[in-house]
file target-v9.txt (compact mmCIF, C-alpha atoms)
# COMPACT_ATOMS: atom_id res chain seq x y z
CA MET S 1 27.39 -39.11 5.82
CA LYS S 2 23.90 -37.73 5.14
CA THR S 3 24.25 -35.30 8.03
CA LEU S 4 27.67 -34.22 6.79
CA PHE S 5 26.29 -33.45 3.35
CA SER S 6 23.40 -31.48 4.87
CA LEU S 7 25.99 -29.44 6.75
CA ILE S 8 28.07 -28.90 3.60
CA SER S 9 24.96 -27.80 1.72
CA GLY S 10 24.13 -25.34 4.52
CA LEU S 11 27.70 -24.02 4.61
CA LEU S 12 27.80 -23.38 0.86
CA PHE S 13 24.32 -21.86 0.98
CA GLY S 14 25.29 -19.48 3.80
CA ALA S 15 28.56 -18.55 2.10
CA GLY S 16 26.77 -17.91 -1.20
CA LEU S 17 24.14 -15.71 0.44
CA THR S 18 26.86 -13.66 2.13
CA ILE S 19 29.06 -13.27 -0.97
CA GLY S 20 25.99 -12.33 -3.00
CA GLY S 21 25.11 -9.55 -0.54
CA MET S 22 21.84 -11.19 0.48
CA THR S 23 22.63 -10.87 4.19
CA GLU S 24 22.55 -7.08 3.70
CA PRO S 25 18.92 -5.98 4.01
CA ALA S 26 19.68 -2.78 2.05
CA ARG S 27 20.62 -4.85 -1.02
CA VAL S 28 17.49 -6.97 -0.85
CA ARG S 29 15.25 -3.96 -0.28
CA GLY S 30 17.18 -2.21 -3.05
CA PHE S 31 16.10 -4.99 -5.43
CA LEU S 32 12.49 -4.66 -4.30
CA ASP S 33 12.73 -0.85 -4.73
CA LEU S 34 11.85 -1.21 -8.40
CA PHE S 35 10.31 2.26 -8.61
CA GLY S 36 13.17 3.97 -6.78
CA ASP S 37 16.92 3.41 -6.58
CA TRP S 38 16.86 -0.13 -8.01
CA ASP S 39 19.72 -2.54 -7.18
CA PRO S 40 19.69 -5.52 -9.56
CA THR S 41 22.20 -7.61 -7.54
CA LEU S 42 19.54 -10.09 -6.33
CA ALA S 43 18.69 -10.89 -9.94
CA PHE S 44 22.31 -11.96 -10.52
CA VAL S 45 22.21 -14.13 -7.39
CA MET S 46 19.02 -15.83 -8.54
CA GLY S 47 20.37 -16.16 -12.07
CA GLY S 48 23.57 -17.83 -10.88
CA ALA S 49 21.66 -20.21 -8.63
CA LEU S 50 19.08 -21.04 -11.31
CA VAL S 51 21.71 -21.97 -13.91
CA VAL S 52 23.41 -24.44 -11.55
CA MET S 53 20.10 -25.90 -10.33
CA ALA S 54 18.72 -26.22 -13.86
CA ILE S 55 21.74 -28.44 -14.63
CA ALA S 56 21.13 -30.45 -11.44
CA TRP S 57 17.50 -31.11 -12.44
CA ARG S 58 18.77 -32.43 -15.80
CA ILE S 59 21.01 -34.92 -13.99
CA VAL S 60 18.18 -36.28 -11.81
CA PRO S 61 16.33 -38.37 -14.44
CA GLY S 62 19.54 -40.29 -15.20
CA MET S 63 20.01 -41.28 -11.55
CA ALA S 64 18.27 -44.37 -10.16
CA ARG S 65 18.29 -42.72 -6.75
CA PRO S 66 20.07 -39.95 -4.81
CA ILE S 67 23.62 -40.78 -3.71
CA PHE S 68 22.75 -41.26 -0.02
CA GLU S 69 18.98 -41.91 -0.10
CA ASP S 70 16.64 -44.50 -1.54
CA ASP S 71 14.33 -42.07 -3.33
CA PHE S 72 14.00 -38.51 -4.53
CA HIS S 73 11.48 -36.55 -2.46
CA VAL S 74 10.29 -33.78 -4.73
CA PRO S 75 6.98 -31.86 -4.47
CA THR S 76 4.29 -33.26 -6.74
CA LYS S 77 1.46 -30.74 -6.27
CA SER S 78 0.63 -28.70 -9.32
CA GLU S 79 -2.55 -26.74 -8.49
CA LEU S 80 -2.45 -23.04 -7.65
CA THR S 81 -4.31 -22.65 -4.35
CA PRO S 82 -5.40 -19.64 -2.27
CA LYS S 83 -2.99 -20.89 0.43
CA LEU S 84 -0.04 -20.78 -1.96
CA ILE S 85 -0.81 -17.28 -3.17
CA GLY S 86 -1.96 -15.91 0.22
CA GLY S 87 1.15 -17.30 1.89
CA ALA S 88 3.36 -15.76 -0.79
CA VAL S 89 1.68 -12.36 -0.29
CA LEU S 90 2.26 -12.43 3.50
CA PHE S 91 5.83 -13.60 3.01
CA GLY S 92 6.47 -10.87 0.42
CA VAL S 93 5.19 -8.14 2.76
CA GLY S 94 7.48 -9.35 5.56
CA TRP S 95 10.38 -9.65 3.12
CA GLY S 96 9.83 -6.06 1.99
CA ILE S 97 9.59 -4.67 5.53
CA ALA S 98 12.94 -5.96 6.83
CA GLY S 99 14.75 -7.09 3.68
CA LEU S 100 15.23 -10.59 5.09
CA CYS S 101 13.96 -14.00 4.05
CA PRO S 102 14.61 -17.26 5.93
CA GLY S 103 18.07 -18.17 4.53
CA PRO S 104 19.68 -14.75 5.07
CA GLY S 105 17.96 -14.55 8.49
CA PHE S 106 19.87 -17.63 9.68
CA ALA S 107 23.10 -16.70 7.88
CA ALA S 108 23.04 -13.20 9.41
CA LEU S 109 23.18 -14.73 12.90
CA ALA S 110 26.95 -14.69 12.27
CA ILE S 111 26.94 -11.09 11.02
CA GLU S 112 24.39 -9.08 13.02
CA PRO S 113 23.48 -11.54 15.80
CA ALA S 114 21.02 -9.41 17.78
CA GLY S 115 18.89 -8.30 14.84
CA ALA S 116 19.03 -11.68 13.10
CA ALA S 117 18.03 -13.48 16.32
CA ILE S 118 14.95 -11.26 16.72
CA PHE S 119 13.97 -12.00 13.13
CA VAL S 120 14.63 -15.77 13.34
CA VAL S 121 12.76 -16.24 16.63
CA SER S 122 9.79 -14.22 15.31
CA MET S 123 9.85 -16.31 12.13
CA LEU S 124 9.71 -19.55 14.12
CA VAL S 125 6.83 -18.11 16.17
CA GLY S 126 5.07 -17.29 12.88
CA MET S 127 5.56 -20.89 11.75
CA ALA S 128 4.19 -22.15 15.07
CA LEU S 129 1.16 -19.83 14.73
CA LEU S 130 0.39 -21.35 11.35
CA ARG S 131 0.56 -24.83 12.90
CA LEU S 132 -1.90 -23.64 15.56
CA THR S 133 -4.36 -22.36 12.96
CA GLU S 134 -4.08 -25.71 11.18
CA GLY S 135 -4.79 -27.50 14.45
CA LYS S 136 -1.50 -29.39 14.41
CA ALA S 137 0.14 -27.89 17.47
CA MET G 1 32.84 -5.12 -11.98
CA THR G 2 30.00 -2.62 -12.10
CA ILE G 3 27.04 -1.88 -14.33
CA PRO G 4 27.03 1.70 -15.67
CA SER G 5 23.42 2.56 -14.77
CA PHE G 6 23.62 0.83 -11.38
CA PRO G 7 26.94 1.75 -9.71
CA ASP G 8 25.92 0.17 -6.38
CA ALA G 9 25.13 -3.24 -7.86
CA ALA G 10 27.54 -6.13 -7.36
CA PRO G 11 26.86 -8.35 -10.38
CA LEU G 12 29.99 -10.53 -10.14
CA ASP G 13 29.63 -11.17 -6.41
CA GLY G 14 25.97 -11.84 -7.09
CA LEU G 15 26.72 -14.45 -9.76
CA ILE G 16 29.42 -16.15 -7.65
CA GLY G 17 27.21 -16.15 -4.55
CA GLY G 18 24.27 -17.38 -6.61
CA ALA G 19 26.33 -20.21 -8.15
CA LEU G 20 27.34 -21.32 -4.63
CA ILE G 21 23.69 -21.30 -3.57
CA GLY G 22 22.88 -23.35 -6.66
CA LEU G 23 25.67 -25.78 -5.80
CA ALA G 24 24.35 -26.10 -2.24
CA ALA G 25 20.85 -26.83 -3.55
CA ALA G 26 22.27 -29.28 -6.13
CA ILE G 27 24.08 -31.21 -3.36
CA MET G 28 20.86 -31.36 -1.35
CA LEU G 29 19.01 -32.68 -4.40
CA LEU G 30 21.53 -35.10 -5.91
CA ALA G 31 23.05 -36.42 -2.67
CA LEU G 32 20.03 -36.38 -0.39
CA GLY G 33 17.09 -36.25 -2.80
CA ARG G 34 15.56 -33.21 -1.12
CA ILE G 35 14.61 -29.62 -1.96
CA ALA G 36 16.90 -27.07 -0.28
CA GLY G 37 14.02 -24.91 0.91
CA VAL G 38 15.21 -23.00 3.96
CA SER G 39 11.74 -22.34 5.43
CA GLY G 40 10.76 -26.01 5.24
CA ILE G 41 14.08 -27.23 6.64
CA ALA G 42 13.98 -24.64 9.45
CA ALA G 43 10.44 -25.74 10.36
CA LYS G 44 11.66 -29.34 10.45
CA ALA G 45 14.59 -28.43 12.71
CA ALA G 46 12.23 -26.58 15.07
CA GLY G 47 9.77 -29.48 15.20
CA LEU G 48 7.10 -27.53 13.30
CA GLY G 49 6.44 -29.89 10.40
CA GLY G 50 8.17 -28.89 7.18
CA SER G 51 10.71 -30.88 5.20
CA GLY G 52 10.55 -34.67 5.17
CA MET G 53 14.28 -34.96 5.83
CA ASP G 54 15.50 -36.27 9.18
CA ARG G 55 15.73 -33.78 11.99
CA ILE G 56 19.49 -34.05 12.55
CA GLY G 57 20.05 -33.31 8.88
CA ALA G 58 17.75 -30.30 9.15
CA TRP G 59 19.77 -29.02 12.11
CA ALA G 60 23.04 -29.57 10.27
CA PHE G 61 21.81 -27.54 7.28
CA VAL G 62 20.48 -24.70 9.45
CA ILE G 63 23.68 -24.52 11.50
CA GLY G 64 25.68 -24.51 8.27
CA LEU G 65 24.05 -21.25 7.14
CA PRO G 66 25.65 -18.91 9.74
CA LEU G 67 28.90 -20.94 9.68
CA GLY G 68 29.15 -20.37 5.92
CA ALA G 69 28.45 -16.68 6.46
CA LEU G 70 31.13 -16.58 9.19
CA ALA G 71 33.70 -18.17 6.88
CA VAL G 72 33.07 -15.50 4.25
CA MET G 73 33.34 -12.75 6.87
CA LEU G 74 36.66 -14.11 8.12
CA ALA G 75 38.00 -14.37 4.57
CA ARG G 76 36.76 -11.02 3.32
CA GLY G 77 36.71 -8.82 6.39
CA GLY G 78 33.82 -7.59 8.44
CA LEU G 79 30.42 -6.65 7.19
CA GLU G 80 28.27 -4.27 9.17
CA PRO G 81 24.99 -4.18 7.31
CA ALA G 82 22.17 -1.95 8.54
CA PHE G 83 19.22 -3.89 9.97
CA ALA G 84 15.69 -2.86 10.81
CA GLY G 85 14.84 -2.12 14.46
CA PRO G 86 13.25 -4.67 16.79
CA VAL G 87 9.60 -3.88 16.04
CA PRO G 88 9.82 -4.12 12.23
CA LEU G 89 12.02 -7.23 12.61
CA ILE G 90 9.37 -8.90 14.77
CA VAL G 91 6.53 -7.97 12.41
CA ALA G 92 8.56 -9.08 9.39
CA GLY G 93 9.63 -12.33 11.08
CA LEU G 94 6.05 -13.25 11.99
CA LEU G 95 4.85 -12.57 8.43
CA VAL G 96 7.78 -14.45 6.86
CA GLY G 97 7.35 -17.48 9.13
CA PHE G 98 3.56 -17.69 8.78
CA GLY G 99 3.57 -16.86 5.07
CA THR G 100 6.33 -19.22 3.98
CA ARG G 101 4.70 -22.19 5.69
CA LEU G 102 1.22 -21.28 4.40
CA GLY G 103 2.66 -20.84 0.90
CA SER G 104 4.87 -23.96 1.12
CA GLY G 105 8.17 -22.21 0.52
CA CYS G 106 10.34 -19.14 0.29
CA THR G 107 13.00 -17.64 -1.97
CA SER G 108 15.09 -20.84 -1.90
CA GLY G 109 12.45 -23.54 -2.25
CA HIS G 110 10.18 -21.73 -4.72
CA GLY G 111 12.58 -19.13 -6.12
CA VAL G 112 15.63 -21.31 -6.76
CA CYS G 113 14.63 -24.99 -6.60
CA GLY G 114 11.09 -24.65 -7.99
CA ILE G 115 11.68 -22.19 -10.83
CA SER G 116 14.71 -24.16 -12.05
CA ARG G 117 12.47 -27.17 -12.64
CA LEU G 118 9.74 -24.95 -14.11
CA SER G 119 7.18 -25.70 -11.39
CA GLY G 120 4.06 -23.64 -12.08
CA ARG G 121 3.31 -23.33 -8.37
CA SER G 122 6.80 -22.02 -7.65
CA ILE G 123 6.74 -19.55 -10.54
CA ALA G 124 3.37 -18.23 -9.34
CA ALA G 125 4.56 -18.02 -5.72
CA THR G 126 7.79 -16.23 -6.68
CA ILE G 127 6.01 -13.67 -8.86
CA THR G 128 3.54 -13.12 -6.00
CA PHE G 129 6.05 -12.64 -3.18
CA MET G 130 8.24 -10.42 -5.33
CA ALA G 131 5.23 -8.27 -6.29
CA ALA G 132 4.17 -8.08 -2.63
CA GLY G 133 7.72 -7.14 -1.59
CA ILE G 134 7.96 -4.48 -4.32
CA ALA G 135 4.59 -3.02 -3.30
CA THR G 136 5.59 -3.02 0.38
CA VAL G 137 8.87 -1.18 -0.24
CA ALA G 138 7.16 1.30 -2.58
CA LEU G 139 4.47 2.02 0.02
CA MET G 140 7.00 2.41 2.84
CA ASN G 141 9.07 4.80 0.69
CA MET G 142 5.94 6.77 -0.14
CA LEU G 143 5.22 7.11 3.58
CA GLY G 144 8.83 8.09 4.20
CA TRP G 145 9.43 5.13 6.53
CA GLU G 146 13.18 4.51 6.71
CA VAL G 147 13.33 1.09 8.32
CA LEU G 148 17.06 0.28 8.18
CA GLN G 149 19.16 1.79 10.96

call {"tool": "encode", "arguments": {"input": "target-v9.txt", "output": "structure tokens"}}
result
Amino acid sequence: MKTLFSLISGLLFGAGLTIGGMTEPARVRGFLDLFGDWDPTLAFVMGGALVVMAIAWRIVPGMARPIFEDDFHVPTKSELTPKLIGGAVLFGVGWGIAGLCPGPGFAALAIEPAGAAIFVVSMLVGMALLRLTEGKA
Amino acid sequence: MTIPSFPDAAPLDGLIGGALIGLAAAIMLLALGRIAGVSGIAAKAAGLGGSGMDRIGAWAFVIGLPLGALAVMLARGGLEPAFAGPVPLIVAGLLVGFGTRLGSGCTSGHGVCGISRLSGRSIAATITFMAAGIATVALMNMLGWEVLQ
């Protein structure tokens, strides 16, 4: 049942990204092109997602536990670290170059398989490289 | 529906797509007690650390992403978006993979799940990656580098 709900979450996520135009790099880069021909669509996508998730977070405190798990596993860190900010800078540069972030990269495997596969494999290599630098490989 | 100053924008599709993404993240949170952060779940599926969820669940979520996209394509007709060429895709992929793991999240984990619970770390990360993305696109436009083919 847990696996099924993970799949359903992924399906809805992928469908939402596609409907919202986030699997089209031109739309994402259009949003980042703030000083040029700006396309605000991504702001509507984030706004729609944030409203629904803000409601979900309000439901959490009233639940003893998640429906299919024993506990909620939610990040507890609160400090701003150089890793957090440095990682976000590197991610943002990559996001700007190709107009893809991880979710749309996977979703686009169904839309533009060759390009999306190059991006996804490179992304996984990038993740592995970070593991190497942290000595966990 | 269009916005007068931005004829190319798709605000209604954006809101509907965004609400579906929010619903997906809400299911992950309320049913499974986890953050729907794609970079963390993808790392877990690939055996590279990441989310604390079980690996089969991580695979199921990751496989769901293109299947959801496929369903929309079948329902709405084909999309043929322009993508960057192989070299920029590789450079971008490396940066996105390394950066999202170093920074503990991407647009979904920080941008959607974190901001909606007013996490200071997620708000800072989102402002930072958006600023970096905006600067990157501005610089590329200044240099006349048309990346999408």

call {"tool": "residues_around", "arguments": {"input": "target-v9.txt", "residues": "segment 62-67 of chain G", "least_positions_apart": "4", "cutoff": "6 Å", "atoms": "only C-alpha atoms", "output": "compact mmCIF listing (two decimals) with C-alpha atoms, keeping the file's coordinate frame"}}
result
# COMPACT_ATOMS: atom_id res chain seq x y z
CA LEU S 7 25.99 -29.44 6.75
CA GLY S 10 24.13 -25.34 4.52
CA LEU S 11 27.70 -24.02 4.61
CA GLY S 14 25.29 -19.48 3.80
CA PHE S 106 19.87 -17.63 9.68
CA ALA S 107 23.10 -16.70 7.88
CA LEU S 109 23.18 -14.73 12.90
CA ALA S 110 26.95 -14.69 12.27

call {"tool": "closest_atom_pairs", "arguments": {"input": "target-v9.txt", "of": "segment 33-52 of chain S", "to": "segment 116-120 of chain G", "cutoff": "12 Å", "atoms": "only C-alpha atoms", "output": "CSV"}}
result
residue,atom,partner,partner_atom,distance
S:Met46,CA,G:Ser116,CA,10.0
S:Gly47,CA,G:Ser116,CA,9.8
S:Gly48,CA,G:Ser116,CA,11.0
S:Ala49,CA,G:Ser116,CA,8.7
S:Leu50,CA,G:Ser116,CA,5.4
S:Val51,CA,G:Ser116,CA,7.6
S:Val52,CA,G:Ser116,CA,8.7

call {"tool": "write_last_selection", "arguments": {"input": "target-v9.txt", "atoms": "C-alpha atoms", "output": "mmCIF file, in the coordinates of the input"}}
result
data_model
loop_
_atom_site.group_PDB
_atom_site.id
_atom_site.type_symbol
_atom_site.label_atom_id
_atom_site.label_comp_id
_atom_site.auth_asym_id
_atom_site.auth_seq_id
_atom_site.Cartn_x
_atom_site.Cartn_y
_atom_site.Cartn_z
ATOM 1 C CA MET S 46 19.020 -15.830 -8.540
ATOM 2 C CA GLY S 47 20.370 -16.160 -12.070
ATOM 3 C CA GLY S 48 23.570 -17.830 -10.880
ATOM 4 C CA ALA S 49 21.660 -20.210 -8.630
ATOM 5 C CA LEU S 50 19.080 -21.040 -11.310
ATOM 6 C CA VAL S 51 21.710 -21.970 -13.910
ATOM 7 C CA VAL S 52 23.410 -24.440 -11.550
#

call {"tool": "closest_residue", "arguments": {"input": "target-v9.txt", "among": "G:Ala75, G:Ala82, G:Ala19, G:Ala31", "to": "Ala108 of chain S", "atoms": "all atoms listed in the file"}}
result
G:Ala82

call {"tool": "residues_around", "arguments": {"input": "target-v9.txt", "residues": "Val120 of chain S", "least_positions_apart": "3", "cutoff": "9 Å", "atoms": "only C-alpha atoms", "output": "PDB file with C-alpha atoms, in the frame of the given file"}}
result
ATOM      1  CA  PRO S 102      14.610 -17.260   5.930  1.00  0.00           C
ATOM      2  CA  GLY S 105      17.960 -14.550   8.490  1.00  0.00           C
ATOM      3  CA  PHE S 106      19.870 -17.630   9.680  1.00  0.00           C
ATOM      4  CA  LEU S 109      23.180 -14.730  12.900  1.00  0.00           C
ATOM      5  CA  GLY S 115      18.890  -8.300  14.840  1.00  0.00           C
ATOM      6  CA  ALA S 116      19.030 -11.680  13.100  1.00  0.00           C
ATOM      7  CA  ALA S 117      18.030 -13.480  16.320  1.00  0.00           C
ATOM      8  CA  MET S 123       9.850 -16.310  12.130  1.00  0.00           C
ATOM      9  CA  LEU S 124       9.710 -19.550  14.120  1.00  0.00           C
ATOM     10  CA  VAL S 125       6.830 -18.110  16.170  1.00  0.00           C
TER      11      VAL S 125
ATOM     12  CA  LEU G  89      12.020  -7.230  12.610  1.00  0.00           C
ATOM     13  CA  ILE G  90       9.370  -8.900  14.770  1.00  0.00           C
ATOM     14  CA  GLY G  93       9.630 -12.330  11.080  1.00  0.00           C
ATOM     15  CA  GLY G  97       7.350 -17.480   9.130  1.00  0.00           C
TER      16      GLY G  97
END

call {"tool": "closest_atom_pairs", "arguments": {"input": "target-v9.txt", "of": "chain G", "to": "chain S", "cutoff": "6 Å", "atoms": "all atoms listed in the file", "output": "CSV"}}
result
residue,atom,partner,partner_atom,distance
G:Ala9,CA,S:Thr41,CA,5.3
G:Ala10,CA,S:Thr41,CA,5.5
G:Pro11,CA,S:Thr41,CA,5.5
G:Asp13,CA,S:Gly20,CA,5.1
G:Gly14,CA,S:Gly20,CA,4.1
G:Leu15,CA,S:Gly48,CA,4.8
G:Gly17,CA,S:Gly16,CA,3.8
G:Gly18,CA,S:Val45,CA,3.9
G:Ala19,CA,S:Gly48,CA,4.6
G:Leu20,CA,S:Gly16,CA,4.9
G:Ile21,CA,S:Phe13,CA,4.6
G:Gly22,CA,S:Ala49,CA,3.9
G:Ala24,CA,S:Ser9,CA,4.4
G:Ala26,CA,S:Ala56,CA,5.6
G:Leu30,CA,S:Pro66,CA,5.2
G:Ala31,CA,S:Ile67,CA,4.5
G:Leu32,CA,S:Phe68,CA,5.6
G:Gly33,CA,S:Phe72,CA,4.2
G:Arg34,CA,S:His73,CA,5.4
G:Val38,CA,S:Gly103,CA,5.6
G:Ser39,CA,S:Pro102,CA,5.9
G:Gly57,CA,S:Thr3,CA,4.7
G:Ala60,CA,S:Leu7,CA,4.6
G:Phe61,CA,S:Gly10,CA,4.2
G:Gly64,CA,S:Gly10,CA,4.1
G:Leu65,CA,S:Gly14,CA,4.0
G:Pro66,CA,S:Ala107,CA,3.9
G:Gly68,CA,S:Leu11,CA,4.1
G:Ala69,CA,S:Ala15,CA,4.7
G:Leu70,CA,S:Ala110,CA,5.5
G:Val72,CA,S:Ala15,CA,5.9
G:Pro81,CA,S:Glu24,CA,5.2
G:Ala84,CA,S:Ala98,CA,5.7
G:Leu89,CA,S:Phe119,CA,5.2
G:Ile90,CA,S:Ser122,CA,5.4
G:Ala92,CA,S:Gly94,CA,4.0
G:Gly93,CA,S:Met123,CA,4.1
G:Leu94,CA,S:Gly126,CA,4.3
G:Leu95,CA,S:Gly94,CA,5.1
G:Val96,CA,S:Phe91,CA,4.4
G:Gly97,CA,S:Met123,CA,4.1
G:Phe98,CA,S:Gly126,CA,4.4
G:Gly99,CA,S:Gly87,CA,4.0
G:Thr100,CA,S:Phe91,CA,5.7
G:Leu102,CA,S:Gly87,CA,4.7
G:Gly103,CA,S:Leu84,CA,3.9
G:Val112,CA,S:Leu50,CA,5.7
G:Ser116,CA,S:Ala54,CA,4.9
G:Arg121,CA,S:Leu80,CA,5.8
G:Ala125,CA,S:Ala88,CA,5.6
G:Thr128,CA,S:Ala88,CA,5.8
G:Phe129,CA,S:Gly92,CA,4.0
G:Ala132,CA,S:Gly92,CA,4.7
G:Gly133,CA,S:Gly96,CA,4.3
G:Ile134,CA,S:Leu32,CA,4.5
G:Thr136,CA,S:Gly96,CA,5.5
G:Val137,CA,S:Gly96,CA,5.5

call {"tool": "atom_distance", "arguments": {"input": "target-v9.txt", "atom1": "atom CA of Leu74 of chain G", "atom2": "atom CA of Arg55 of chain G"}}
result
29.0 Å

call {"tool": "build_atoms", "arguments": {"input": "target-v9.txt", "residues": "segment 102-125 of chain S", "atoms": "N, CA and C atoms", "output": "PDB file, in the frame of the given file"}}
result
ATOM      1  N   PRO S 102      14.096 -16.302   4.939  1.00  0.00           N
ATOM      2  CA  PRO S 102      14.610 -17.260   5.930  1.00  0.00           C
ATOM      3  C   PRO S 102      16.120 -17.562   5.832  1.00  0.00           C
ATOM      4  N   GLY S 103      16.643 -17.819   4.647  1.00  0.00           N
ATOM      5  CA  GLY S 103      18.070 -18.170   4.530  1.00  0.00           C
ATOM      6  C   GLY S 103      18.979 -17.076   5.070  1.00  0.00           C
ATOM      7  N   PRO S 104      18.854 -15.843   4.553  1.00  0.00           N
ATOM      8  CA  PRO S 104      19.680 -14.750   5.070  1.00  0.00           C
ATOM      9  C   PRO S 104      19.435 -14.473   6.557  1.00  0.00           C
ATOM     10  N   GLY S 105      18.226 -14.727   7.060  1.00  0.00           N
ATOM     11  CA  GLY S 105      17.960 -14.550   8.490  1.00  0.00           C
ATOM     12  C   GLY S 105      18.897 -15.428   9.313  1.00  0.00           C
ATOM     13  N   PHE S 106      18.971 -16.720   8.950  1.00  0.00           N
ATOM     14  CA  PHE S 106      19.870 -17.630   9.680  1.00  0.00           C
ATOM     15  C   PHE S 106      21.334 -17.258   9.436  1.00  0.00           C
ATOM     16  N   ALA S 107      21.695 -17.002   8.182  1.00  0.00           N
ATOM     17  CA  ALA S 107      23.100 -16.700   7.880  1.00  0.00           C
ATOM     18  C   ALA S 107      23.554 -15.450   8.650  1.00  0.00           C
ATOM     19  N   ALA S 108      22.666 -14.467   8.764  1.00  0.00           N
ATOM     20  CA  ALA S 108      23.040 -13.200   9.410  1.00  0.00           C
ATOM     21  C   ALA S 108      23.240 -13.348  10.916  1.00  0.00           C
ATOM     22  N   LEU S 109      22.882 -14.506  11.476  1.00  0.00           N
ATOM     23  CA  LEU S 109      23.180 -14.730  12.900  1.00  0.00           C
ATOM     24  C   LEU S 109      24.679 -14.588  13.163  1.00  0.00           C
ATOM     25  N   ALA S 110      25.498 -14.830  12.124  1.00  0.00           N
ATOM     26  CA  ALA S 110      26.950 -14.690  12.270  1.00  0.00           C
ATOM     27  C   ALA S 110      27.413 -13.262  11.994  1.00  0.00           C
ATOM     28  N   ILE S 111      26.528 -12.420  11.483  1.00  0.00           N
ATOM     29  CA  ILE S 111      26.940 -11.090  11.020  1.00  0.00           C
ATOM     30  C   ILE S 111      26.364  -9.987  11.898  1.00  0.00           C
ATOM     31  N   GLU S 112      25.088 -10.087  12.181  1.00  0.00           N
ATOM     32  CA  GLU S 112      24.390  -9.080  13.020  1.00  0.00           C
ATOM     33  C   GLU S 112      23.513  -9.885  13.986  1.00  0.00           C
ATOM     34  N   PRO S 113      24.168 -10.519  15.000  1.00  0.00           N
ATOM     35  CA  PRO S 113      23.480 -11.540  15.800  1.00  0.00           C
ATOM     36  C   PRO S 113      22.190 -11.060  16.468  1.00  0.00           C
ATOM     37  N   ALA S 114      22.194  -9.859  17.032  1.00  0.00           N
ATOM     38  CA  ALA S 114      21.020  -9.410  17.780  1.00  0.00           C
ATOM     39  C   ALA S 114      19.818  -9.261  16.856  1.00  0.00           C
ATOM     40  N   GLY S 115      19.998  -8.513  15.767  1.00  0.00           N
ATOM     41  CA  GLY S 115      18.890  -8.300  14.840  1.00  0.00           C
ATOM     42  C   GLY S 115      18.437  -9.592  14.198  1.00  0.00           C
ATOM     43  N   ALA S 116      19.393 -10.421  13.763  1.00  0.00           N
ATOM     44  CA  ALA S 116      19.030 -11.680  13.100  1.00  0.00           C
ATOM     45  C   ALA S 116      18.288 -12.598  14.052  1.00  0.00           C
ATOM     46  N   ALA S 117      18.692 -12.607  15.344  1.00  0.00           N
ATOM     47  CA  ALA S 117      18.030 -13.480  16.320  1.00  0.00           C
ATOM     48  C   ALA S 117      16.576 -13.054  16.518  1.00  0.00           C
ATOM     49  N   ILE S 118      16.338 -11.739  16.578  1.00  0.00           N
ATOM     50  CA  ILE S 118      14.950 -11.260  16.720  1.00  0.00           C
ATOM     51  C   ILE S 118      14.125 -11.727  15.528  1.00  0.00           C
ATOM     52  N   PHE S 119      14.697 -11.593  14.345  1.00  0.00           N
ATOM     53  CA  PHE S 119      13.970 -12.000  13.130  1.00  0.00           C
ATOM     54  C   PHE S 119      13.715 -13.503  13.123  1.00  0.00           C
ATOM     55  N   VAL S 120      14.759 -14.301  13.418  1.00  0.00           N
ATOM     56  CA  VAL S 120      14.630 -15.770  13.340  1.00  0.00           C
ATOM     57  C   VAL S 120      13.627 -16.282  14.369  1.00  0.00           C
ATOM     58  N   VAL S 121      13.697 -15.774  15.604  1.00  0.00           N
ATOM     59  CA  VAL S 121      12.760 -16.240  16.630  1.00  0.00           C
ATOM     60  C   VAL S 121      11.327 -15.871  16.232  1.00  0.00           C
ATOM     61  N   SER S 122      11.134 -14.640  15.739  1.00  0.00           N
ATOM     62  CA  SER S 122       9.790 -14.220  15.310  1.00  0.00           C
ATOM     63  C   SER S 122       9.300 -15.094  14.166  1.00  0.00           C
ATOM     64  N   MET S 123      10.217 -15.456  13.270  1.00  0.00           N
ATOM     65  CA  MET S 123       9.850 -16.310  12.130  1.00  0.00           C
ATOM     66  C   MET S 123       9.384 -17.681  12.623  1.00  0.00           C
ATOM     67  N   LEU S 124      10.101 -18.236  13.581  1.00  0.00           N
ATOM     68  CA  LEU S 124       9.710 -19.550  14.120  1.00  0.00           C
ATOM     69  C   LEU S 124       8.367 -19.445  14.843  1.00  0.00           C
ATOM     70  N   VAL S 125       8.135 -18.320  15.534  1.00  0.00           N
ATOM     71  CA  VAL S 125       6.830 -18.110  16.170  1.00  0.00           C
ATOM     72  C   VAL S 125       5.738 -18.049  15.086  1.00  0.00           C
TER      73      VAL S 125
END
